[in-house]
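Below is run.txt, holding compact mmCIF, C-alpha atoms and all ligand atoms.
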```
# COMPACT_ATOMS: atom_id res chain seq x y z
CA MET A 263 6.52 6.75 18.54
CA LYS A 264 8.98 9.58 18.99
CA SER A 265 10.93 9.06 15.82
CA LEU A 266 8.09 8.84 13.35
CA GLY A 267 8.32 12.45 12.29
CA ASN A 268 9.15 14.28 9.14
CA ILE A 269 12.50 12.57 8.85
CA ARG A 270 10.84 9.28 8.07
CA ARG A 271 8.36 10.78 5.69
CA SER A 272 11.15 12.06 3.48
CA PHE A 273 13.07 8.78 3.64
CA ALA A 274 12.78 7.33 0.13
CA PRO A 275 16.20 6.33 -1.23
CA TRP A 276 14.53 3.93 -3.66
CA ALA A 277 13.10 6.95 -5.47
CA ASP A 278 16.53 8.56 -5.80
CA PRO A 279 18.32 7.39 -8.95
CA ALA A 280 21.68 8.35 -7.42
CA ALA A 281 21.18 6.24 -4.27
CA LYS A 282 23.07 2.95 -4.21
CA PRO A 283 21.29 -0.10 -2.82
CA PHE A 284 22.79 -1.61 0.32
CA ILE A 285 21.57 -5.13 -0.41
CA THR A 286 20.93 -6.48 -3.88
CA PHE A 287 19.49 -9.85 -4.85
CA ARG A 288 20.26 -10.27 -8.52
CA ASN A 289 18.52 -13.06 -10.42
CA VAL A 290 18.59 -15.24 -7.33
CA THR A 291 17.15 -18.72 -7.63
CA LYS A 292 17.05 -21.33 -4.89
CA LYS A 293 16.07 -24.87 -5.67
CA PHE A 294 15.53 -27.73 -3.22
CA GLY A 295 15.81 -30.76 -5.50
CA ASP A 296 13.52 -29.89 -8.38
CA PHE A 297 11.37 -27.57 -6.27
CA THR A 298 12.02 -23.86 -6.88
CA ALA A 299 11.61 -21.97 -3.61
CA VAL A 300 13.00 -18.65 -4.91
CA ASP A 301 12.57 -17.99 -8.60
CA ASN A 302 14.99 -15.65 -10.45
CA LEU A 303 14.35 -12.88 -7.97
CA THR A 304 15.83 -9.39 -8.21
CA LEU A 305 15.43 -6.93 -5.36
CA ASP A 306 17.17 -3.85 -3.92
CA ILE A 307 17.10 -2.86 -0.26
CA TYR A 308 18.57 0.43 0.98
CA HIS A 309 20.73 1.41 3.92
CA ARG A 310 18.57 2.22 7.00
CA GLU A 311 15.49 0.82 5.37
CA PHE A 312 12.91 -1.16 7.34
CA PHE A 313 12.03 -3.70 4.69
CA ALA A 314 9.32 -6.33 5.00
CA LEU A 315 8.90 -9.56 3.05
CA LEU A 316 5.26 -10.46 3.07
CA GLY A 317 3.56 -13.49 1.62
CA ALA A 318 1.62 -16.64 2.30
CA SER A 319 3.23 -19.64 3.94
CA GLY A 320 5.70 -21.34 1.63
CA CYS A 321 6.21 -18.41 -0.77
CA GLY A 322 9.96 -18.38 -0.13
CA LYS A 323 10.39 -15.44 2.25
CA SER A 324 12.37 -17.31 4.91
CA THR A 325 14.54 -18.91 2.25
CA LEU A 326 15.41 -15.45 0.97
CA LEU A 327 16.34 -14.31 4.46
CA ARG A 328 18.35 -17.44 5.13
CA MET A 329 20.35 -16.87 1.95
CA LEU A 330 21.13 -13.35 3.11
CA ALA A 331 22.23 -14.69 6.48
CA GLY A 332 24.32 -17.38 4.81
CA PHE A 333 22.43 -20.44 6.05
CA GLU A 334 21.48 -21.32 2.49
CA ARG A 335 23.37 -20.84 -0.75
CA PRO A 336 21.62 -19.60 -3.86
CA THR A 337 21.44 -22.17 -6.66
CA SER A 338 22.19 -19.29 -9.02
CA GLY A 339 22.36 -15.51 -8.93
CA GLU A 340 24.19 -13.05 -6.73
CA ILE A 341 23.64 -11.43 -3.37
CA ILE A 342 25.52 -8.16 -2.95
CA LEU A 343 25.86 -6.55 0.47
CA ASP A 344 27.49 -3.15 0.80
CA GLY A 345 29.14 -3.55 -2.59
CA GLN A 346 30.46 -7.06 -1.92
CA ASP A 347 29.31 -10.39 -3.32
CA ILE A 348 28.70 -12.37 -0.14
CA ALA A 349 28.33 -15.84 -1.67
CA SER A 350 31.66 -17.05 -0.34
CA ILE A 351 31.47 -15.38 3.08
CA PRO A 352 30.45 -17.76 5.89
CA PRO A 353 27.46 -16.73 8.03
CA TYR A 354 29.49 -15.76 11.11
CA LYS A 355 31.65 -13.38 9.09
CA ARG A 356 28.76 -11.54 7.46
CA PRO A 357 27.75 -8.14 8.88
CA VAL A 358 24.30 -9.64 9.24
CA ASN A 359 22.54 -11.15 12.23
CA MET A 360 19.32 -13.08 12.35
CA MET A 361 16.70 -13.11 15.06
CA PHE A 362 14.53 -16.16 14.98
CA GLN A 363 10.86 -16.57 15.73
CA SER A 364 11.51 -18.90 18.64
CA TYR A 365 14.14 -16.51 20.10
CA ALA A 366 16.25 -19.55 21.01
CA LEU A 367 17.43 -18.11 24.33
CA PHE A 368 19.58 -20.38 26.48
CA PRO A 369 17.35 -21.33 29.40
CA HIS A 370 20.15 -21.93 31.92
CA MET A 371 21.86 -18.59 31.25
CA THR A 372 20.92 -15.24 32.74
CA VAL A 373 19.68 -12.43 30.59
CA GLU A 374 23.13 -10.79 30.55
CA SER A 375 24.97 -13.94 29.61
CA ASN A 376 22.44 -14.61 26.86
CA ILE A 377 23.09 -11.15 25.46
CA GLY A 378 26.86 -11.52 25.72
CA PHE A 379 26.95 -15.02 24.23
CA GLY A 380 28.02 -14.09 20.71
CA LEU A 381 30.62 -11.67 22.00
CA ARG A 382 32.22 -14.38 24.18
CA GLN A 383 32.24 -16.69 21.16
CA ASP A 384 34.13 -14.01 19.29
CA GLY A 385 36.69 -13.74 22.09
CA MET A 386 35.95 -10.15 22.95
CA PRO A 387 37.76 -8.99 26.13
CA LYS A 388 35.68 -9.35 29.28
CA ASN A 389 35.49 -5.68 30.19
CA GLU A 390 34.32 -4.78 26.69
CA ILE A 391 31.66 -7.49 26.81
CA ALA A 392 30.39 -6.11 30.12
CA GLU A 393 30.24 -2.64 28.66
CA ARG A 394 28.43 -3.75 25.52
CA VAL A 395 25.95 -5.90 27.45
CA ALA A 396 25.16 -2.97 29.74
CA GLN A 397 24.52 -0.81 26.68
CA MET A 398 22.22 -3.41 25.19
CA LEU A 399 20.29 -3.87 28.44
CA LYS A 400 19.72 -0.15 28.54
CA LEU A 401 18.65 -0.07 24.91
CA VAL A 402 15.92 -2.64 25.42
CA LYS A 403 15.07 -1.33 28.89
CA LEU A 404 15.89 -4.50 30.77
CA GLU A 405 18.60 -3.22 33.13
CA GLN A 406 16.83 -4.50 36.23
CA PHE A 407 16.36 -7.97 34.70
CA ALA A 408 20.05 -8.66 33.98
CA LYS A 409 20.35 -11.51 36.48
CA ARG A 410 17.10 -13.27 35.65
CA LYS A 411 16.74 -16.45 33.64
CA PRO A 412 14.49 -16.52 30.56
CA HIS A 413 11.70 -18.44 32.35
CA GLN A 414 11.43 -15.57 34.85
CA LEU A 415 10.51 -13.14 32.09
CA SER A 416 7.34 -12.35 30.17
CA GLY A 417 7.06 -13.12 26.47
CA GLY A 418 7.68 -9.51 25.55
CA GLN A 419 10.75 -9.30 27.77
CA ARG A 420 12.16 -12.50 26.28
CA GLN A 421 11.64 -11.01 22.86
CA ARG A 422 13.65 -7.97 23.92
CA VAL A 423 16.47 -10.15 25.23
CA ALA A 424 16.61 -11.92 21.89
CA LEU A 425 16.67 -8.58 20.15
CA ALA A 426 19.47 -7.30 22.42
CA ARG A 427 21.43 -10.46 21.76
CA SER A 428 21.13 -10.10 18.01
CA LEU A 429 22.12 -6.44 18.19
CA ALA A 430 25.06 -6.95 20.55
CA LYS A 431 27.48 -7.73 17.75
CA ARG A 432 26.43 -4.52 16.01
CA PRO A 433 25.42 -6.05 12.72
CA LYS A 434 24.80 -3.68 9.82
CA VAL A 435 21.74 -5.66 8.90
CA LEU A 436 19.33 -7.35 11.23
CA LEU A 437 17.15 -10.08 9.81
CA LEU A 438 14.00 -10.82 11.73
CA ASP A 439 11.95 -13.92 11.00
CA GLU A 440 8.44 -13.41 12.40
CA PRO A 441 9.98 -11.47 15.32
CA LEU A 442 6.72 -10.83 17.11
CA GLY A 443 5.06 -14.15 16.33
CA ALA A 444 5.06 -15.34 19.93
CA LEU A 445 3.50 -12.22 21.42
CA ASP A 446 -0.17 -11.54 22.02
CA LYS A 447 -1.90 -8.86 19.98
CA LYS A 448 -1.55 -5.95 22.40
CA LEU A 449 2.10 -6.62 23.16
CA ARG A 450 2.78 -7.12 19.48
CA GLU A 451 1.43 -3.70 18.68
CA GLU A 452 3.50 -2.03 21.40
CA THR A 453 6.61 -3.92 20.38
CA GLN A 454 6.16 -2.94 16.73
CA PHE A 455 6.72 0.69 17.67
CA GLU A 456 9.64 -0.19 19.94
CA LEU A 457 11.28 -2.03 17.07
CA MET A 458 10.78 0.92 14.75
CA ASP A 459 12.27 3.34 17.27
CA LEU A 460 15.23 1.09 17.88
CA GLN A 461 15.92 0.64 14.19
CA GLN A 462 15.90 4.38 13.65
CA ASP A 463 17.96 5.21 16.72
CA LEU A 464 20.64 2.71 15.72
CA GLY A 465 20.52 3.59 12.02
CA LEU A 466 20.33 -0.07 11.02
CA THR A 467 18.84 -1.86 8.06
CA PHE A 468 16.09 -4.28 9.07
CA VAL A 469 14.69 -7.00 6.88
CA VAL A 470 11.69 -8.63 8.47
CA VAL A 471 9.72 -11.66 7.35
CA THR A 472 6.10 -11.73 8.28
CA HIS A 473 2.83 -13.13 7.11
CA ASP A 474 0.95 -10.49 9.12
CA GLN A 475 0.03 -7.72 6.72
CA GLU A 476 -0.95 -5.26 9.42
CA GLU A 477 2.45 -5.69 11.00
CA ALA A 478 4.21 -5.12 7.69
CA MET A 479 2.05 -2.07 6.95
CA THR A 480 2.77 -0.57 10.38
CA MET A 481 6.50 -1.08 10.51
CA ALA A 482 7.96 -1.15 7.04
CA ASP A 483 9.24 1.61 4.79
CA ARG A 484 8.62 -0.75 1.88
CA ILE A 485 7.01 -4.13 1.50
CA ALA A 486 7.79 -6.84 -1.02
CA VAL A 487 4.72 -8.97 -1.63
CA MET A 488 5.86 -12.46 -2.60
CA SER A 489 4.16 -15.41 -4.21
CA HIS A 490 5.65 -18.71 -5.38
CA GLY A 491 9.25 -17.55 -5.04
CA LYS A 492 8.72 -14.30 -6.93
CA VAL A 493 8.28 -10.70 -5.87
CA ILE A 494 4.94 -9.47 -7.21
CA GLN A 495 5.18 -5.85 -6.03
CA VAL A 496 7.66 -3.78 -4.03
CA ALA A 497 6.31 -0.48 -2.77
CA THR A 498 5.49 1.57 0.31
CA PRO A 499 2.58 0.33 2.42
CA ALA A 500 0.33 3.08 1.08
CA GLU A 501 1.16 2.28 -2.54
CA ILE A 502 0.65 -1.42 -1.98
CA TYR A 503 -2.76 -0.71 -0.48
CA GLU A 504 -3.97 2.10 -2.72
CA ALA A 505 -2.28 1.14 -5.98
CA PRO A 506 -1.82 -2.62 -6.09
CA ASN A 507 -0.18 -3.63 -9.35
CA SER A 508 -2.11 -6.84 -9.77
CA ARG A 509 -5.15 -8.80 -8.81
CA PHE A 510 -2.98 -10.89 -6.53
CA VAL A 511 -1.73 -7.94 -4.47
CA ALA A 512 -5.14 -6.24 -4.37
CA ASP A 513 -6.67 -9.41 -3.05
CA PHE A 514 -3.84 -10.31 -0.69
CA ILE A 515 -3.67 -6.99 1.14
CA GLY A 516 -6.77 -5.89 2.98
CA ASP A 517 -10.34 -6.21 1.85
CA VAL A 518 -11.30 -5.50 -1.71
CA ASN A 519 -14.19 -5.69 -4.17
CA ILE A 520 -13.11 -6.75 -7.63
CA LEU A 521 -15.47 -6.05 -10.51
CA ASP A 522 -14.56 -7.70 -13.80
CA GLY A 523 -15.47 -6.25 -17.13
CA LYS A 524 -14.41 -4.83 -20.43
CA VAL A 525 -12.95 -1.45 -21.32
CA SER A 526 -15.50 0.50 -23.36
CA ALA A 527 -13.55 3.75 -23.78
CA SER A 528 -9.99 4.75 -23.04
CA GLY A 529 -7.92 7.93 -23.32
CA ASN A 530 -6.50 10.99 -21.54
CA GLY A 531 -5.66 8.96 -18.47
CA LYS A 532 -9.25 7.90 -18.01
CA ILE A 533 -11.16 4.80 -18.86
CA GLU A 534 -14.68 3.62 -18.93
CA LEU A 535 -15.26 0.05 -17.95
CA VAL A 536 -18.50 -1.87 -18.28
CA THR A 537 -18.48 -4.54 -15.63
CA ASN A 538 -20.05 -7.94 -16.07
CA ASP A 539 -22.67 -6.69 -13.65
CA GLY A 540 -23.71 -4.05 -16.15
CA PHE A 541 -22.20 -1.30 -14.06
CA THR A 542 -20.42 1.48 -15.99
CA VAL A 543 -17.35 2.61 -14.10
CA ARG A 544 -15.53 5.80 -15.08
CA THR A 545 -12.16 6.02 -13.49
CA ALA A 546 -8.71 7.55 -13.71
CA SER A 547 -6.13 5.08 -14.95
CA ALA A 548 -2.54 5.76 -15.95
CA GLY A 549 -1.45 3.61 -18.89
CA ALA A 550 -5.02 2.59 -19.40
CA PRO A 551 -5.71 -0.62 -21.29
CA ALA A 552 -7.13 -0.26 -24.79
CA SER A 553 -10.79 -0.17 -25.54
CA GLY A 554 -12.21 -3.67 -25.88
CA SER A 555 -9.71 -5.35 -23.56
CA ALA A 556 -10.71 -7.23 -20.46
CA ALA A 557 -9.90 -5.59 -17.15
CA GLY A 558 -10.80 -5.70 -13.50
CA PHE A 559 -11.66 -2.84 -11.20
CA ALA A 560 -10.56 -3.05 -7.57
CA ILE A 561 -12.15 -0.88 -4.94
CA ARG A 562 -11.71 -1.01 -1.16
CA PRO A 563 -14.84 -1.23 1.01
CA GLU A 564 -14.11 2.08 2.76
CA LYS A 565 -14.10 3.88 -0.58
CA LEU A 566 -17.69 2.88 -1.32
CA LYS A 567 -20.47 5.04 -0.04
CA VAL A 568 -23.92 3.69 0.71
CA SER A 569 -26.83 6.13 0.58
CA ARG A 570 -30.60 6.15 0.26
CA ASN A 571 -30.65 8.80 -2.42
CA ALA A 572 -28.91 8.72 -5.76
CA PRO A 573 -25.78 10.87 -5.68
CA THR A 574 -26.29 14.08 -7.64
CA ASP A 575 -22.65 14.73 -8.53
CA ALA A 576 -22.14 13.79 -12.19
CA THR A 577 -18.50 12.72 -11.67
CA VAL A 578 -19.53 10.05 -9.23
CA ASN A 579 -20.00 6.41 -10.18
CA ALA A 580 -23.17 4.95 -8.79
CA ALA A 581 -25.21 1.77 -8.96
CA GLU A 582 -28.44 0.71 -7.34
CA GLY A 583 -28.68 -2.25 -5.09
CA GLU A 584 -30.31 -3.77 -2.08
CA VAL A 585 -28.90 -4.20 1.41
CA TRP A 586 -28.14 -7.88 1.69
CA ASP A 587 -26.41 -7.94 5.05
CA ILE A 588 -25.21 -5.53 7.70
CA GLY A 589 -22.39 -5.93 10.21
CA TYR A 590 -22.43 -3.38 13.00
CA LEU A 591 -18.92 -3.22 14.46
CA GLY A 592 -19.32 -0.20 16.72
CA ASP A 593 -16.76 2.06 15.11
CA MET A 594 -18.02 1.22 11.67
CA THR A 595 -20.82 -0.51 9.88
CA VAL A 596 -20.22 -2.93 7.05
CA PHE A 597 -22.88 -3.13 4.37
CA TYR A 598 -23.12 -5.98 1.89
CA VAL A 599 -25.06 -4.59 -1.04
CA LYS A 600 -26.46 -6.79 -3.76
CA LEU A 601 -26.29 -5.07 -7.13
CA GLY A 602 -28.86 -5.63 -9.89
CA SER A 603 -26.79 -8.44 -11.36
CA GLY A 604 -26.67 -10.33 -8.09
CA LYS A 605 -23.06 -9.39 -7.34
CA VAL A 606 -22.60 -8.49 -3.68
CA VAL A 607 -20.18 -5.66 -2.85
CA LYS A 608 -18.83 -4.77 0.56
CA ALA A 609 -18.89 -1.18 1.82
CA SER A 610 -17.65 -0.05 5.20
CA MET A 611 -18.72 3.26 6.64
CA LEU A 612 -17.35 4.96 9.72
CA ASN A 613 -19.92 5.67 12.43
CA ALA A 614 -18.73 9.18 13.10
CA GLN A 615 -21.93 10.15 14.86
CA ARG A 616 -23.00 8.37 17.99
CA GLU A 617 -26.69 8.36 17.43
CA VAL A 618 -27.98 7.26 14.12
CA GLU A 619 -31.63 7.91 13.68
CA ASN A 620 -33.31 5.79 11.15
CA PRO A 621 -30.21 3.87 10.01
CA ILE A 622 -30.14 2.05 6.69
CA ALA A 623 -31.65 -1.38 7.25
CA TYR A 624 -31.79 -4.85 5.66
CA ASP A 625 -33.53 -5.17 2.30
CA GLU A 626 -33.55 -1.43 1.73
CA LYS A 627 -32.95 -0.09 -1.75
CA VAL A 628 -29.74 1.90 -1.69
CA TRP A 629 -27.14 3.50 -3.93
CA VAL A 630 -23.52 2.50 -3.88
CA SER A 631 -21.23 5.25 -5.14
CA PHE A 632 -17.58 6.20 -5.42
CA GLY A 633 -15.43 8.87 -7.03
CA GLU A 634 -13.24 8.74 -10.12
CA THR A 635 -10.02 8.07 -8.24
CA ALA A 636 -11.39 5.73 -5.57
CA GLY A 637 -10.28 2.47 -7.15
CA VAL A 638 -7.68 1.00 -9.49
CA VAL A 639 -7.88 -0.77 -12.81
CA LEU A 640 -6.28 -4.20 -12.91
CA LYS A 641 -4.96 -5.14 -16.29
CA ASP A 642 -4.23 -8.79 -15.67
N1 LIG B 701 15.58 -27.42 3.24
C1 LIG B 701 14.51 -27.53 2.44
N2 LIG B 701 14.31 -28.62 1.68
C2 LIG B 701 13.25 -28.72 0.85
N3 LIG B 701 12.32 -27.79 0.71
C3 LIG B 701 12.45 -26.65 1.44
C4 LIG B 701 13.55 -26.48 2.34
N4 LIG B 701 13.40 -25.27 2.92
C5 LIG B 701 12.27 -24.73 2.42
N5 LIG B 701 11.70 -25.56 1.52
C6 LIG B 701 10.48 -25.31 0.75
O1 LIG B 701 10.61 -24.08 0.07
C7 LIG B 701 9.38 -23.34 0.12
C8 LIG B 701 9.61 -21.97 0.71
O2 LIG B 701 9.92 -22.10 2.08
P1 LIG B 701 10.10 -20.86 3.03
O3 LIG B 701 10.43 -21.35 4.39
O4 LIG B 701 11.03 -19.91 2.40
O5 LIG B 701 8.64 -20.26 3.00
P2 LIG B 701 8.03 -19.07 3.82
O6 LIG B 701 7.46 -18.17 2.82
O7 LIG B 701 9.02 -18.52 4.75
O8 LIG B 701 6.86 -19.78 4.61
P3 LIG B 701 6.42 -19.70 6.15
O9 LIG B 701 5.70 -18.40 6.29
O10 LIG B 701 5.53 -20.88 6.29
O11 LIG B 701 7.67 -19.79 6.95
C9 LIG B 701 8.41 -24.19 0.90
O12 LIG B 701 7.56 -24.87 0.00
C10 LIG B 701 9.28 -25.16 1.66
O13 LIG B 701 8.64 -26.39 1.85
```
I need this file expressed as structure tokens, please.
Amino acid sequence: MKSLGNIRRSFAPWADPAAKPFITFRNVTKKFGDFTAVDNLTLDIYHREFFALLGASGCGKSTLLRMLAGFERPTSGEIILDGQDIASIPPYKRPVNMMFQSYALFPHMTVESNIGFGLRQDGMPKNEIAERVAQMLKLVKLEQFAKRKPHQLSGGQRQRVALARSLAKRPKVLLLDEPLGALDKKLREETQFELMDLQQDLGLTFVVVTHDQEEAMTMADRIAVMSHGKVIQVATPAEIYEAPNSRFVADFIGDVNILDGKVSASGNGKIELVTNDGFTVRTASAGAPASGSAAGFAIRPEKLKVSRNAPTDATVNAAEGEVWDIGYLGDMTVFYVKLGSGKVVKASMLNAQREVENPIAYDEKVWVSFGETAGVVLKD
């Protein structure tokens, strides 16, 4: 994790009005017959960004990637790469390379000939190929495996060969379609950090497709959450999680409690919402909806506190309930608390102390509370 320092924290070209996007999808639509896989989508991706496309199966993320790679043509709209409309450029001439989920290594070729394959296709001189392949082997730490065949490697090593092969031609953009899909959980997690290091060391732009939200949250500078061929929100992982722009995103990413209700007072960046459960929620909300309008309130389980006594702080929102279910997970305990109305909310609390004397138990009367900035108002 060497490169995840301050440099990365200040990397935010999307927030700089003077920064020019490296890749732009402008009003891109892709139809298969009368089915719309990508729907009038506009999106900017910046140079050196690690960008993730996240969404449920069939939402159009691979189609978007394949259009960038040149395997599919948009039905309408433009794709601009480094200032150039790439519609008429064939895949092999684009400064883009794609790494597939299946890796597609040639089984009869050694690791080094797999890595050098694209370079031989391009007619690169032999000595240069050898030099480049050696560089790539070093990069992915597979020098001692150069002469092996793919079946003599572990899943993680095969993944690194595929990565080396897609990087060998030095593309400006690497597209990765579920790159870690074939790895087990532990190896996946390790490889996520390797990928991030590699991307930073090489100064490349990565666009990765995944349906694994944890993976997207870990690796990406920004995430585009997609649904039915549209981008619903593009933001940093923290913004996506803490400030989802819609019910869809709040629900799609992580665990969430959504309380529906009506705005009873609104102004000065704050609103009061009476939920259908009869719970009055006072919360900060920029661009708050008007009094009388319907709204939802989304709050993550870890932002809810469960206690025996009513909180005394007047700025805190609190409601009484009864412990309906408890899940003890070791590091944390998950409480399902049934509010007066019958609505069950989920609260997760870290078990920071090892011994808990007299822990909160089933059927106990408890208070659920949270602060003014703990959740977000959903206007849709
Ligand atoms: N060549 C094709 N012909 C017809 N329909 C297609 C074609 N390719 C993709 N589709 C459809 O377009 C939609 C989007 O497909 P796409 O592969 O982009 O989804 P995805 O979000 O990548 O899903 P997954 O995570 O399952 O790969 C799907 O409903 C799919 O069936």
All residues having an atom within 12 Å of ligand LIG 701 (chain B) (all atoms listed in the file) as a ChimeraX atom specification
/A:291-301,315-329,333-335,362-363,438-440,443,470-474,486-493
Written selection (C-alpha atoms) as a short mmCIF file (atom, residue, chain, number, x, y, z; two decimals), in the frame of the given file:
```cif
data_model
loop_
_atom_site.label_atom_id
_atom_site.label_comp_id
_atom_site.auth_asym_id
_atom_site.auth_seq_id
_atom_site.Cartn_x
_atom_site.Cartn_y
_atom_site.Cartn_z
CA THR A 291 17.15 -18.72 -7.63
CA LYS A 292 17.05 -21.33 -4.89
CA LYS A 293 16.07 -24.87 -5.67
CA PHE A 294 15.53 -27.73 -3.22
CA GLY A 295 15.81 -30.76 -5.50
CA ASP A 296 13.52 -29.89 -8.38
CA PHE A 297 11.37 -27.57 -6.27
CA THR A 298 12.02 -23.86 -6.88
CA ALA A 299 11.61 -21.97 -3.61
CA VAL A 300 13.00 -18.65 -4.91
CA ASP A 301 12.57 -17.99 -8.60
CA LEU A 315 8.90 -9.56 3.05
CA LEU A 316 5.26 -10.46 3.07
CA GLY A 317 3.56 -13.49 1.62
CA ALA A 318 1.62 -16.64 2.30
CA SER A 319 3.23 -19.64 3.94
CA GLY A 320 5.70 -21.34 1.63
CA CYS A 321 6.21 -18.41 -0.77
CA GLY A 322 9.96 -18.38 -0.13
CA LYS A 323 10.39 -15.44 2.25
CA SER A 324 12.37 -17.31 4.91
CA THR A 325 14.54 -18.91 2.25
CA LEU A 326 15.41 -15.45 0.97
CA LEU A 327 16.34 -14.31 4.46
CA ARG A 328 18.35 -17.44 5.13
CA MET A 329 20.35 -16.87 1.95
CA PHE A 333 22.43 -20.44 6.05
CA GLU A 334 21.48 -21.32 2.49
CA ARG A 335 23.37 -20.84 -0.75
CA PHE A 362 14.53 -16.16 14.98
CA GLN A 363 10.86 -16.57 15.73
CA LEU A 438 14.00 -10.82 11.73
CA ASP A 439 11.95 -13.92 11.00
CA GLU A 440 8.44 -13.41 12.40
CA GLY A 443 5.06 -14.15 16.33
CA VAL A 470 11.69 -8.63 8.47
CA VAL A 471 9.72 -11.66 7.35
CA THR A 472 6.10 -11.73 8.28
CA HIS A 473 2.83 -13.13 7.11
CA ASP A 474 0.95 -10.49 9.12
CA ALA A 486 7.79 -6.84 -1.02
CA VAL A 487 4.72 -8.97 -1.63
CA MET A 488 5.86 -12.46 -2.60
CA SER A 489 4.16 -15.41 -4.21
CA HIS A 490 5.65 -18.71 -5.38
CA GLY A 491 9.25 -17.55 -5.04
CA LYS A 492 8.72 -14.30 -6.93
CA VAL A 493 8.28 -10.70 -5.87
#
```
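Residue nearest A:Asn530 within the list A:Val628, A:Tyr503, A:Gln462, A:Ala552: A:Ala552 [criterion: smallest interatomic distance, only C-alpha atoms].
Comparing the minimum interatomic distances between A:Arg310 and each of A:Pro412, A:Pro369, A:Pro352, A:Pro283, counting only C-alpha atoms, we find that A:Pro283 sits nearest.
Residues lying within 9 Å of A:Phe455, counting all atoms listed in the file and ignoring same-chain neighbours fewer than 5 positions away, are Met263, Arg450, Leu460, Thr480 and Met481 of chain A.
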Need the shell around A:Ala366: protein/DNA/RNA residues with any atom at most 10 Å away, counting only C-alpha atoms. Skip same-chain ones fewer than 4 positions apart. Format as a list of chain:residue names?
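In the requested form, the answer reads A:Met361, A:Phe362, A:Asn376, A:Arg420, A:Gln421, A:Ala424.
Counting all atoms listed in the file, A:Tyr590 has the following residues at most 10 Å away, ignoring those fewer than 4 positions along the same chain: Met594, Thr595, Val596, Phe597, Ser610, Met611 and Asn613 of chain A.
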Neighbour residues at most 10 Å from (-10.0, -8.9, -14.0) (all atoms listed in the file) as a list in words
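Result, sorted by chain then residue number: Ser508, Arg509, Ile520, Leu521, Asp522, Gly523, Lys524, Thr537, Ala556, Ala557, Gly558, Phe559, Ala560, Val639, Leu640, Lys641 and Asp642 of chain A.
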Give me, please, the distance in Å between atom CA of A:Ala497 and atom CA of A:Asp459, quoted to one decimal.
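So the answer is 21.3 Å.
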Counting all atoms listed in the file, which residue out of A:Ala314, A:Ala280, A:Val568, A:Ala576 sits closest to A:Ile485?
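Closest to A:Ile485 of all the choices is A:Ala314.
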Check the smallest atom-to-atom distance from each of A:Ser526, A:Ser603, A:Ser338, A:Thr635 to A:Glu504 using only C-alpha atoms, then report the winner.
A:Thr635
Would you mind telling me which residue in A:Lys431, A:Asn519, A:Pro353, A:Lys411 lies nearest to A:Arg382 when using all atoms listed in the file?
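Smallest separation from A:Arg382 among the options: A:Lys431.
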Could you state the separation of atom CA of A:Asn359 and atom CA of A:Glu476 in Å, given to one decimal place?
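For atom CA of A:Asn359 relative to atom CA of A:Glu476, the distance reads 24.4 Å.
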Computed interatomic separation between atom CA of A:Leu535 and atom CA of A:Gly633 (Å):
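We find that atom CA of A:Leu535 and atom CA of A:Gly633 lie 14.0 Å from each other.
Ranking A:Ser553, A:Arg616, A:Leu303, A:Ser375 by their shortest atom-to-atom distance to A:Ile341, with only C-alpha atoms included, puts A:Leu303 first.
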Any idea what's packed within 8 Å of A:Gln454, counting only C-alpha atoms, ignoring anything in its chain fewer than 2 positions away? Could you give it as a PyMOL selection string?
chain A and resi 442+450-452+456-458+477+480-481
Find the smallest box with edges along x, y and z containing every listed atom of stretch 420-433 of chain A, then add 5 Å on each side and report centre and edge lengths in Å to one decimal, as AutoDock Vina command-line options.
```
--center_x 19.6 --center_y -8.5 --center_z 19.5 --size_x 25.8 --size_y 18.0 --size_z 23.6
```
Would you mind completing stretch 449-456 of chain A so that it carries N, CA and C atoms, and writing it out as a PDB file, keeping the file's coordinate frame?
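Once everything was written out, this is result-v9.pdb:
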```
ATOM      1  N   LEU A 449       0.659  -6.721  22.993  1.00  0.00           N
ATOM      2  CA  LEU A 449       2.100  -6.620  23.160  1.00  0.00           C
ATOM      3  C   LEU A 449       2.800  -6.489  21.800  1.00  0.00           C
ATOM      4  N   ARG A 450       2.257  -7.204  20.842  1.00  0.00           N
ATOM      5  CA  ARG A 450       2.780  -7.120  19.480  1.00  0.00           C
ATOM      6  C   ARG A 450       2.750  -5.698  18.983  1.00  0.00           C
ATOM      7  N   GLU A 451       1.600  -5.059  19.185  1.00  0.00           N
ATOM      8  CA  GLU A 451       1.430  -3.700  18.680  1.00  0.00           C
ATOM      9  C   GLU A 451       2.396  -2.742  19.351  1.00  0.00           C
ATOM     10  N   GLU A 452       2.542  -2.885  20.685  1.00  0.00           N
ATOM     11  CA  GLU A 452       3.500  -2.030  21.400  1.00  0.00           C
ATOM     12  C   GLU A 452       4.915  -2.270  20.890  1.00  0.00           C
ATOM     13  N   THR A 453       5.241  -3.555  20.748  1.00  0.00           N
ATOM     14  CA  THR A 453       6.610  -3.920  20.380  1.00  0.00           C
ATOM     15  C   THR A 453       6.946  -3.474  18.955  1.00  0.00           C
ATOM     16  N   GLN A 454       5.935  -3.433  18.091  1.00  0.00           N
ATOM     17  CA  GLN A 454       6.160  -2.940  16.730  1.00  0.00           C
ATOM     18  C   GLN A 454       6.772  -1.546  16.762  1.00  0.00           C
ATOM     19  N   PHE A 455       6.213  -0.683  17.617  1.00  0.00           N
ATOM     20  CA  PHE A 455       6.720   0.690  17.670  1.00  0.00           C
ATOM     21  C   PHE A 455       8.096   0.739  18.328  1.00  0.00           C
ATOM     22  N   GLU A 456       8.311  -0.125  19.318  1.00  0.00           N
ATOM     23  CA  GLU A 456       9.640  -0.190  19.940  1.00  0.00           C
ATOM     24  C   GLU A 456      10.696  -0.573  18.904  1.00  0.00           C
TER      25      GLU A 456
END
```
